[in-house]
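Have a look at the structure below before the remarks.
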Amino acid sequence: MKTIELSEVSALAPHVQPGSREPVILTQGGQAVAAVFPADEQDVENLLLSVNPQFQAILERSQRRLESEGGLSSAEVRRRLGLPAKEPRESDE
């Protein structure tokens, strides 16, 4: 990922101030070439993970395993970890 200080891109500065929630589309010759979206630290982390091939491979492997072997209920996870059973909510009774 590349980062550029906003002060180095003076034409963008008025359009991407803190608190702005509107994306900015960059064009060249009338064609969209990039987009700038408002982001906080969590957004940046999510973006980096979404384009990380190793992380994507882990997700795909986990999905295949879930589909072939099934998953564990929360009650089973709690049992295996030695945690007490979850109390039912009033709306669940």
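Identifiers for the structure tokens are assigned positionally: chains receive A, B, ... in sequence, residues are indexed from 1 per chain, and ligands are indexed from 1 in the order shown.
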
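Here the DSSP assignment of strand (DSSP E), based on backbone atoms, applies within chain A to Val24, Ile25, Leu26, Thr27, Gln28, Gln31, Ala32, Val33, Ala34, Ala35 and Val36 of chain A.
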
Exercise: stretch 27-38 of chain A partners within 9 Å, only C-alpha atoms, chain neighbours under 6 positions left out, as a ChimeraX atom specification: /A:16-21

Those in chain A with helix (DSSP H, G or I) from DSSP, as a VMD selection string: chain A and resid 6 to 8 13 to 15 41 to 50 53 to 69 74 to 80 90 to 92

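Between atom CA of A:Leu48 and atom CA of A:Lys2 lies a distance of 11.1 Å.
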
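Picture a line from atom CA of A:Ser10 to atom CA of A:Val51; it runs 27.7 Å.
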
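Between atom CA of A:Arg65 and atom CA of A:Val77 lies a distance of 16.8 Å.
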